[in-house]
>>> print(open('upload30.tsv').read())   # TSV, C-alpha atoms
chain	number	residue	atom	x	y	z
A	1	MET	CA	10.99	73.68	141.97
A	2	ILE	CA	8.97	76.84	141.36
A	3	THR	CA	10.78	79.67	143.11
A	4	ARG	CA	10.70	83.41	143.57
A	5	ARG	CA	12.14	83.77	140.05
A	6	ALA	CA	9.16	81.96	138.53
A	7	LEU	CA	6.67	83.89	140.61
A	8	ASN	CA	8.05	87.36	139.99
A	9	THR	CA	9.62	87.08	136.56
A	10	GLY	CA	8.76	85.17	133.43
A	11	LEU	CA	5.39	83.56	134.09
A	12	GLY	CA	4.49	85.86	136.96
A	13	LEU	CA	2.41	85.14	140.05
A	14	THR	CA	-0.93	84.53	138.34
A	15	ALA	CA	0.37	82.03	135.78
A	16	ALA	CA	2.52	80.18	138.29
A	17	THR	CA	-0.38	79.89	140.72
A	18	ALA	CA	-2.60	78.55	137.93
A	19	LEU	CA	0.03	75.96	137.14
A	20	MET	CA	0.11	74.91	140.77
A	21	ALA	CA	-3.68	74.56	140.77
A	22	SER	CA	-3.54	72.31	137.72
A	23	ALA	CA	-0.73	70.33	139.30
A	24	ALA	CA	-2.91	69.64	142.32
A	25	LYS	CA	-5.25	67.69	140.02
A	26	ALA	CA	-2.40	65.80	138.32
A	27	GLN	CA	-0.63	62.66	139.44
A	28	ILE	CA	2.46	63.61	141.42
A	29	ALA	CA	5.48	61.31	141.10
A	30	PHE	CA	8.41	60.72	143.45
A	31	ALA	CA	11.65	58.88	142.65
A	32	ASP	CA	13.75	56.63	144.84
A	33	VAL	CA	16.92	58.16	146.25
A	34	PRO	CA	19.60	57.72	143.54
A	35	LYS	CA	22.69	55.79	144.60
A	36	GLY	CA	25.05	57.57	142.24
A	37	PRO	CA	28.47	56.45	141.01
A	38	TRP	CA	30.44	57.63	144.06
A	39	THR	CA	33.31	55.52	145.39
A	40	LYS	CA	33.72	57.37	148.69
A	41	SER	CA	31.44	59.51	150.82
A	42	GLY	CA	31.48	61.07	154.25
A	43	MET	CA	30.58	63.95	156.52
A	44	VAL	CA	32.63	67.03	157.40
A	45	GLY	CA	31.61	68.58	160.70
A	46	ARG	CA	31.08	72.33	160.63
A	47	ALA	CA	29.65	74.71	163.22
A	48	GLY	CA	26.10	73.57	163.91
A	49	GLY	CA	26.05	70.69	161.50
A	50	GLN	CA	27.68	68.40	158.96
A	51	LEU	CA	28.24	68.73	155.24
A	52	HIS	CA	27.80	65.54	153.28
A	53	TYR	CA	30.21	64.93	150.40
A	54	ALA	CA	31.00	62.19	147.91
A	55	MET	CA	34.02	61.54	145.70
A	56	LEU	CA	34.71	59.82	142.40
A	57	GLY	CA	37.85	59.49	140.29
A	58	THR	CA	41.55	59.74	141.04
A	59	PRO	CA	43.52	62.91	141.84
A	60	ARG	CA	45.78	63.91	138.95
A	61	ALA	CA	48.97	65.94	139.18
A	62	GLY	CA	48.48	69.50	138.01
A	63	GLN	CA	44.69	69.22	138.02
A	64	PRO	CA	42.67	70.36	141.03
A	65	PRO	CA	39.55	68.38	141.85
A	66	VAL	CA	36.25	69.44	140.36
A	67	VAL	CA	33.73	70.44	143.04
A	68	LEU	CA	30.06	70.21	142.06
A	69	LEU	CA	27.29	72.15	143.85
A	70	HIS	CA	23.60	71.38	143.22
A	71	LYS	CA	20.46	73.46	142.69
A	72	LEU	CA	17.95	74.88	145.19
A	73	GLY	CA	15.96	71.97	146.61
A	74	GLY	CA	18.30	69.51	144.92
A	75	TRP	CA	21.01	67.13	146.09
A	76	MET	CA	24.42	65.97	144.92
A	77	ALA	CA	22.81	63.18	142.87
A	78	ASP	CA	21.67	65.87	140.39
A	79	TRP	CA	25.27	65.77	139.12
A	80	ARG	CA	25.80	62.00	139.12
A	81	PHE	CA	25.78	61.46	135.34
A	82	VAL	CA	28.09	64.42	134.66
A	83	ALA	CA	30.35	63.39	137.55
A	84	ALA	CA	30.82	59.91	136.10
A	85	ILE	CA	32.06	61.40	132.82
A	86	LEU	CA	34.32	64.07	134.34
A	87	ALA	CA	35.85	61.53	136.75
A	88	LYS	CA	37.36	59.50	133.91
A	89	ASP	CA	40.49	61.65	134.05
A	90	ARG	CA	40.28	63.66	137.30
A	91	GLN	CA	38.86	63.66	140.81
A	92	VAL	CA	35.29	64.90	141.31
A	93	ILE	CA	33.77	65.89	144.65
A	94	ALA	CA	30.10	66.74	145.13
A	95	PHE	CA	28.55	68.35	148.22
A	96	ASP	CA	25.05	68.43	149.62
A	97	LEU	CA	24.48	72.07	150.58
A	98	PRO	CA	23.29	72.97	154.12
A	99	GLY	CA	19.92	71.38	154.88
A	100	HIS	CA	19.86	69.56	151.54
A	101	GLY	CA	20.41	65.90	150.73
A	102	ASP	CA	22.21	64.14	153.56
A	103	SER	CA	23.78	67.25	155.10
A	104	LYS	CA	22.50	67.67	158.64
A	105	TRP	CA	22.08	70.75	160.84
A	106	LEU	CA	21.03	71.01	164.47
A	107	GLY	CA	17.76	72.71	165.33
A	108	ALA	CA	15.30	74.50	163.08
A	109	PRO	CA	16.46	76.17	159.85
A	110	PRO	CA	17.34	79.88	160.18
A	111	TYR	CA	15.15	82.51	158.58
A	112	ILE	CA	17.98	83.22	156.13
A	113	GLN	CA	20.78	80.85	155.19
A	114	SER	CA	23.12	83.38	153.61
A	115	LEU	CA	25.35	82.63	150.66
A	116	GLY	CA	28.33	83.98	152.60
A	117	GLU	CA	27.69	81.45	155.37
A	118	THR	CA	27.41	78.60	152.91
A	119	ALA	CA	30.57	79.67	151.08
A	120	ALA	CA	32.50	79.78	154.37
A	121	LEU	CA	31.21	76.33	155.35
A	122	LEU	CA	32.45	74.97	152.04
A	123	VAL	CA	35.88	76.57	152.46
A	124	GLY	CA	36.08	74.98	155.91
A	125	ALA	CA	35.26	71.64	154.34
A	126	PHE	CA	37.95	72.20	151.70
A	127	ASP	CA	40.47	72.83	154.50
A	128	GLU	CA	39.52	69.67	156.34
A	129	LEU	CA	39.60	67.56	153.17
A	130	GLY	CA	42.98	68.99	152.15
A	131	LEU	CA	41.72	70.79	149.05
A	132	SER	CA	43.99	73.78	148.55
A	133	GLN	CA	42.45	74.70	145.20
A	134	VAL	CA	39.46	73.47	143.18
A	135	ASP	CA	37.68	73.92	139.90
A	136	LEU	CA	34.24	75.01	141.09
A	137	VAL	CA	31.00	74.24	139.24
A	138	GLY	CA	27.63	75.25	140.67
A	139	THR	CA	24.08	75.49	139.42
A	140	SER	CA	21.14	77.52	140.77
A	141	LEU	CA	21.71	77.79	144.55
A	142	GLY	CA	25.10	76.11	144.10
A	143	GLY	CA	26.14	78.62	141.46
A	144	CYS	CA	25.02	81.52	143.63
A	145	ALA	CA	27.03	80.18	146.60
A	146	ALA	CA	30.03	79.68	144.33
A	147	VAL	CA	30.17	83.42	143.55
A	148	PRO	CA	31.11	84.68	147.06
A	149	LEU	CA	33.39	81.68	147.50
A	150	ALA	CA	35.34	82.57	144.35
A	151	ALA	CA	35.20	86.29	145.13
A	152	PHE	CA	36.40	86.22	148.73
A	153	TRP	CA	38.70	83.19	148.59
A	154	PRO	CA	40.19	83.71	145.11
A	155	GLU	CA	43.22	81.53	145.80
A	156	ARG	CA	40.93	78.51	146.31
A	157	VAL	CA	39.27	78.61	142.87
A	158	ARG	CA	41.26	78.00	139.69
A	159	LYS	CA	38.25	78.03	137.36
A	160	LEU	CA	34.57	78.77	137.95
A	161	SER	CA	31.49	77.63	136.06
A	162	LEU	CA	28.06	79.07	136.84
A	163	VAL	CA	25.34	76.88	135.40
A	164	SER	CA	21.76	78.20	135.12
A	165	SER	CA	22.09	80.50	138.14
A	166	ALA	CA	20.12	83.58	139.23
A	167	LEU	CA	22.95	86.14	139.21
A	168	GLY	CA	20.88	89.14	140.23
A	169	GLY	CA	21.04	92.03	142.66
A	170	LYS	CA	20.18	92.39	146.32
A	171	ARG	CA	16.59	92.42	147.61
A	172	THR	CA	15.61	94.20	150.82
A	173	LEU	CA	14.12	92.34	153.77
A	174	ALA	CA	10.76	93.94	152.95
A	175	GLU	CA	10.97	92.67	149.38
A	176	ILE	CA	11.91	89.21	150.61
A	177	LYS	CA	8.92	89.17	152.93
A	178	THR	CA	6.60	90.20	150.09
A	179	ASN	CA	8.00	88.07	147.27
A	180	ILE	CA	9.00	84.92	149.15
A	181	ASP	CA	7.06	84.78	152.40
A	182	GLU	CA	3.70	86.16	151.27
A	183	LYS	CA	3.54	85.17	147.60
A	184	GLN	CA	4.74	81.59	147.93
A	185	THR	CA	2.05	80.23	150.21
A	186	ALA	CA	0.76	77.95	147.43
A	187	LEU	CA	4.19	76.34	147.15
A	188	TYR	CA	4.45	75.19	150.78
A	189	ASP	CA	2.16	73.53	153.28
A	190	GLY	CA	1.34	74.83	156.75
A	191	ALA	CA	4.53	73.33	158.19
A	192	GLY	CA	6.71	75.01	155.56
A	193	MET	CA	7.30	71.84	153.57
A	194	PRO	CA	7.40	72.17	149.77
A	195	VAL	CA	4.36	71.05	147.81
A	196	PRO	CA	5.36	68.54	145.08
A	197	ASN	CA	5.29	69.69	141.48
A	198	ASP	CA	3.61	68.26	138.44
A	199	ALA	CA	6.11	67.42	135.69
A	200	GLN	CA	4.70	69.83	133.11
A	201	ILE	CA	5.51	72.80	135.32
A	202	LEU	CA	9.20	72.16	134.65
A	203	ALA	CA	8.63	72.23	130.92
A	204	LYS	CA	6.65	75.48	131.02
A	205	ILE	CA	8.90	77.40	133.41
A	206	PHE	CA	12.38	75.95	132.87
A	207	GLY	CA	12.15	74.41	129.38
A	208	ILE	CA	13.01	70.95	130.71
A	209	ILE	CA	12.79	68.18	128.11
A	210	HIS	CA	12.97	65.00	130.22
A	211	VAL	CA	10.31	66.27	132.58
A	212	GLU	CA	8.92	63.02	134.00
A	213	SER	CA	12.11	61.63	135.51
A	214	ILE	CA	13.54	65.00	136.52
A	215	SER	CA	10.28	66.08	138.18
A	216	ALA	CA	9.93	62.83	140.14
A	217	GLU	CA	13.48	63.10	141.41
A	218	GLY	CA	13.06	66.80	142.14
A	219	ASN	CA	9.98	66.11	144.26
A	220	SER	CA	12.06	63.67	146.29
A	221	SER	CA	15.04	66.00	146.73
A	222	ARG	CA	12.76	68.92	147.63
A	223	ARG	CA	10.96	66.79	150.20
A	224	GLN	CA	14.33	65.91	151.73
A	225	ALA	CA	15.46	69.56	151.82
A	226	GLY	CA	12.09	70.49	153.33
A	227	ARG	CA	12.06	73.67	155.37
A	228	TRP	CA	15.60	74.60	154.27
A	229	ILE	CA	14.48	75.62	150.79
A	230	GLN	CA	12.98	79.02	151.62
A	231	PRO	CA	15.85	80.08	153.96
A	232	SER	CA	18.28	79.20	151.17
A	233	GLU	CA	16.26	81.17	148.63
A	234	ARG	CA	16.17	84.16	150.97
A	235	GLY	CA	19.96	83.90	151.16
A	236	VAL	CA	20.12	84.29	147.39
A	237	ALA	CA	17.69	87.21	147.43
A	238	ILE	CA	19.52	89.18	150.13
A	239	THR	CA	22.88	88.94	148.35
A	240	ASP	CA	24.15	91.32	145.67
A	241	ILE	CA	25.39	88.49	143.49
A	242	LYS	CA	25.76	90.66	140.40
A	243	GLY	CA	27.90	93.13	142.34
A	244	THR	CA	30.01	90.35	143.86
A	245	LEU	CA	30.77	88.97	140.38
A	246	ALA	CA	33.01	92.00	139.81
A	247	ARG	CA	35.33	90.67	142.52
A	248	VAL	CA	35.75	87.26	140.88
A	249	SER	CA	39.17	86.87	139.28
A	250	ALA	CA	38.92	83.23	138.17
A	251	PRO	CA	38.14	82.54	134.50
A	252	THR	CA	34.40	81.90	134.44
A	253	LEU	CA	32.11	79.89	132.19
A	254	LEU	CA	28.42	80.80	132.08
A	255	LEU	CA	26.44	77.75	130.96
A	256	TYR	CA	22.77	77.58	129.98
A	257	GLY	CA	20.40	75.15	128.33
A	258	ASP	CA	19.33	76.23	124.85
A	259	ARG	CA	15.67	75.91	125.91
A	260	ASP	CA	16.10	77.75	129.20
A	261	HIS	CA	13.29	80.31	129.64
A	262	ASP	CA	14.41	81.64	133.01
A	263	TYR	CA	18.10	82.01	133.85
A	264	THR	CA	19.34	83.48	130.57
A	265	LYS	CA	18.03	86.90	131.56
A	266	PHE	CA	21.00	87.17	133.94
A	267	ARG	CA	23.56	86.58	131.18
A	268	GLU	CA	24.11	90.17	130.05
A	269	GLY	CA	24.67	91.54	133.54
A	270	ALA	CA	27.00	88.69	134.49
A	271	GLU	CA	29.06	89.07	131.33
A	272	ALA	CA	29.45	92.80	132.00
A	273	ALA	CA	30.53	92.23	135.61
A	274	LEU	CA	33.01	89.38	135.16
A	275	LYS	CA	36.65	90.03	134.23
A	276	ASP	CA	37.26	86.83	132.26
A	277	VAL	CA	34.07	85.20	130.99
A	278	ARG	CA	32.84	82.84	128.32
A	279	THR	CA	29.23	81.79	127.67
A	280	GLU	CA	28.04	78.53	126.14
A	281	TYR	CA	24.74	76.72	125.66
A	282	VAL	CA	23.98	73.03	126.13
A	283	PRO	CA	21.98	71.78	123.12
A	284	GLN	CA	18.63	70.05	123.59
A	285	SER	CA	18.34	71.04	127.23
A	286	GLY	CA	16.28	73.13	129.61
A	287	ALA	CA	17.69	74.91	132.63
A	288	PHE	CA	18.71	71.74	134.50
A	289	VAL	CA	21.40	70.85	131.97
A	290	MET	CA	23.21	68.34	134.18
A	291	GLN	CA	20.04	66.22	134.24
A	292	ASP	CA	18.49	67.06	130.87
A	293	ASN	CA	21.59	66.42	128.74
A	294	PRO	CA	24.48	65.08	130.88
A	295	PRO	CA	26.81	64.01	128.03
A	296	ALA	CA	26.74	67.42	126.32
A	297	THR	CA	27.03	69.22	129.66
A	298	ALA	CA	30.04	67.11	130.66
A	299	ALA	CA	31.70	67.63	127.27
A	300	ILE	CA	31.43	71.42	127.51
A	301	LEU	CA	32.66	71.46	131.11
A	302	LYS	CA	35.55	69.12	130.34
A	303	ALA	CA	36.69	71.22	127.39
A	304	TRP	CA	36.49	74.34	129.54
A	305	LEU	CA	38.33	72.82	132.50
A	306	ASP	CA	41.06	71.28	130.33
A	307	LYS	CA	41.72	74.49	128.44
A	308	ALA	CA	45.05	76.07	129.41
>>> encode(input="upload30.tsv", output="structure tokens")
Amino acid sequence: MITRRALNTGLGLTAATALMASAAKAQIAFADVPKGPWTKSGMVGRAGGQLHYAMLGTPRAGQPPVVLLHKLGGWMADWRFVAAILAKDRQVIAFDLPGHGDSKWLGAPPYIQSLGETAALLVGAFDELGLSQVDLVGTSLGGCAAVPLAAFWPERVRKLSLVSSALGGKRTLAEIKTNIDEKQTALYDGAGMPVPNDAQILAKIFGIIHVESISAEGNSSRRQAGRWIQPSERGVAITDIKGTLARVSAPTLLLYGDRDHDYTKFREGAEAALKDVRTEYVPQSGAFVMQDNPPATAAILKAWLDKA
């Protein structure tokens, strides 16, 4: 789960590489694929592939469904504990993003999987599933993809929550080549598959508290996403997310863990760019709040979504 952000901000390249070297000597854990609480799941065919989705809860009049989007190298199961709580009084739908989880694409991954492409794929899925409007919640890669979706299809998003997301500016192709392609060789093997992480890396970089279980599951979800992780990260890097935030009209909640060492640096710029914004912190949690403290995360999201 170490990414360009960890390599080029915060710990920096030298420290992150040292952590990887120590991880190589540690015992690496993997978790079984979580089943989750979902009552219905399926695939929505899109150009070149299929988006996997799962549902929980019952549609309620006057309340759009809550759509949950996972982190870079994650899968929809990252949200399973929060989904179970939110679904007590509304419908919840989670998606596996392109190349992640059980979503399937034909052929090799592209060099860049852009956020605009992913947002359009999701809107197409909304159309096919009959979702005219949603409350959209995304974290990390999912939060970044949620920004252009809310910005360019404003009628589809009633409320937006961006959870621990890198809401930065655009990088050039040259910068992407330097900072992702050339400086991340220790994070991937010769075939472009992610190298598994030692649990303590999550604590040092992202402030994660429940590192053992979250790391083991993250190694499994990263292995499943495989060679789609770097193209997705390049898609984040090549997008002016901070600039696009200015086009978002939906009321927006910025949500961070109170022990997050990484994503909070984007708070000030996001607050300045957004028209209608509120910021909250999940107590006793690192950056992956939906896994580190699901009850508190769900409570904050529910209060936000239910607010008139």
>>> closest_residue(input="upload30.tsv", among="A:Ala119, A:Ala225, A:Leu162, A:Ala108", to="A:Met193", atoms="all atoms listed in the file")
A:Ala225
>>> residues_around(input="upload30.tsv", residues="stretch 246-252 of chain A", least_positions_apart="3", cutoff="9 Å", atoms="only C-alpha atoms", output="PyMOL selection string")
chain A and resi 147-152+154-155+157-162+242-243+270+272-279
>>> atom_distance(input="upload30.tsv", atom1="atom CA of A:Leu245", atom2="atom CA of A:Gly257")
21.1 Å
>>> residues_around(input="upload30.tsv", residues="A:Ala199", least_positions_apart="4", cutoff="7 Å", atoms="only C-alpha atoms", output="ChimeraX atom specification")
/A:211-212,215
>>> axis_aligned_box(input="upload30.tsv", around="stretch 283-300 of chain A", padding_each_side="8 Å", output="JSON")
{"center_x": 24.0, "center_y": 69.5, "center_z": 128.8, "size_x": 31.4, "size_y": 26.9, "size_z": 27.4}
>>> closest_residue(input="upload30.tsv", among="A:Asp260, A:Glu217, A:Glu182, A:Asp198", to="A:Gly74", atoms="only C-alpha atoms")
A:Glu217
>>> atom_distance(input="upload30.tsv", atom1="atom CA of A:Ala145", atom2="atom CA of A:Arg223")
21.2 Å
>>> residues_around(input="upload30.tsv", residues="stretch 120-129 of chain A", least_positions_apart="2", cutoff="8 Å", atoms="all atoms listed in the file", output="JSON, numbers by chain")
{"A": [44, 45, 46, 51, 116, 117, 118, 131, 132, 149]}
>>> closest_residue(input="upload30.tsv", among="A:Tyr281, A:Trp38, A:Trp75, A:Tyr263", to="A:Gly57", atoms="only C-alpha atoms")
A:Trp38
>>> decode(input="upload30.tsv", residues="stretch 203-219 of chain A", atoms="N, CA and C atoms", output="PDB file, in the first residue's frame")
ATOM      1  N   ALA A 203       1.503   1.299   9.889  1.00  0.00           N
ATOM      2  CA  ALA A 203       1.517   2.123  11.090  1.00  0.00           C
ATOM      3  C   ALA A 203       2.418   3.338  10.904  1.00  0.00           C
ATOM      4  N   LYS A 204       3.574   3.159  10.284  1.00  0.00           N
ATOM      5  CA  LYS A 204       4.542   4.242  10.160  1.00  0.00           C
ATOM      6  C   LYS A 204       4.145   5.269   9.112  1.00  0.00           C
ATOM      7  N   ILE A 205       3.527   4.821   8.024  1.00  0.00           N
ATOM      8  CA  ILE A 205       3.175   5.745   6.954  1.00  0.00           C
ATOM      9  C   ILE A 205       1.770   6.305   7.122  1.00  0.00           C
ATOM     10  N   PHE A 206       0.806   5.440   7.440  1.00  0.00           N
ATOM     11  CA  PHE A 206      -0.600   5.845   7.441  1.00  0.00           C
ATOM     12  C   PHE A 206      -1.222   5.922   8.832  1.00  0.00           C
ATOM     13  N   GLY A 207      -0.460   5.647   9.895  1.00  0.00           N
ATOM     14  CA  GLY A 207      -0.995   5.752  11.240  1.00  0.00           C
ATOM     15  C   GLY A 207      -2.020   4.692  11.586  1.00  0.00           C
ATOM     16  N   ILE A 208      -2.035   3.589  10.850  1.00  0.00           N
ATOM     17  CA  ILE A 208      -3.024   2.539  11.074  1.00  0.00           C
ATOM     18  C   ILE A 208      -2.817   1.911  12.454  1.00  0.00           C
ATOM     19  N   ILE A 209      -3.911   1.644  13.146  1.00  0.00           N
ATOM     20  CA  ILE A 209      -3.858   1.042  14.474  1.00  0.00           C
ATOM     21  C   ILE A 209      -3.948  -0.476  14.387  1.00  0.00           C
ATOM     22  N   HIS A 210      -4.954  -0.993  13.700  1.00  0.00           N
ATOM     23  CA  HIS A 210      -5.155  -2.446  13.595  1.00  0.00           C
ATOM     24  C   HIS A 210      -4.357  -2.976  12.398  1.00  0.00           C
ATOM     25  N   VAL A 211      -3.039  -2.893  12.524  1.00  0.00           N
ATOM     26  CA  VAL A 211      -2.176  -3.108  11.366  1.00  0.00           C
ATOM     27  C   VAL A 211      -2.146  -4.560  10.895  1.00  0.00           C
ATOM     28  N   GLU A 212      -2.224  -5.517  11.793  1.00  0.00           N
ATOM     29  CA  GLU A 212      -2.039  -6.912  11.377  1.00  0.00           C
ATOM     30  C   GLU A 212      -3.143  -7.364  10.423  1.00  0.00           C
ATOM     31  N   SER A 213      -4.386  -7.176  10.829  1.00  0.00           N
ATOM     32  CA  SER A 213      -5.498  -7.633   9.991  1.00  0.00           C
ATOM     33  C   SER A 213      -5.631  -6.803   8.725  1.00  0.00           C
ATOM     34  N   ILE A 214      -5.441  -5.487   8.838  1.00  0.00           N
ATOM     35  CA  ILE A 214      -5.591  -4.623   7.674  1.00  0.00           C
ATOM     36  C   ILE A 214      -4.478  -4.874   6.661  1.00  0.00           C
ATOM     37  N   SER A 215      -3.258  -5.107   7.147  1.00  0.00           N
ATOM     38  CA  SER A 215      -2.145  -5.388   6.243  1.00  0.00           C
ATOM     39  C   SER A 215      -2.343  -6.710   5.510  1.00  0.00           C
ATOM     40  N   ALA A 216      -2.761  -7.740   6.233  1.00  0.00           N
ATOM     41  CA  ALA A 216      -2.968  -9.050   5.606  1.00  0.00           C
ATOM     42  C   ALA A 216      -4.030  -8.973   4.521  1.00  0.00           C
ATOM     43  N   GLU A 217      -5.114  -8.259   4.815  1.00  0.00           N
ATOM     44  CA  GLU A 217      -6.162  -8.126   3.808  1.00  0.00           C
ATOM     45  C   GLU A 217      -5.690  -7.257   2.651  1.00  0.00           C
ATOM     46  N   GLY A 218      -4.932  -6.200   2.966  1.00  0.00           N
ATOM     47  CA  GLY A 218      -4.420  -5.339   1.911  1.00  0.00           C
ATOM     48  C   GLY A 218      -3.465  -6.062   0.981  1.00  0.00           C
ATOM     49  N   ASN A 219      -2.643  -6.963   1.514  1.00  0.00           N
ATOM     50  CA  ASN A 219      -1.768  -7.753   0.645  1.00  0.00           C
ATOM     51  C   ASN A 219      -2.581  -8.608  -0.313  1.00  0.00           C
TER      52      ASN A 219
END
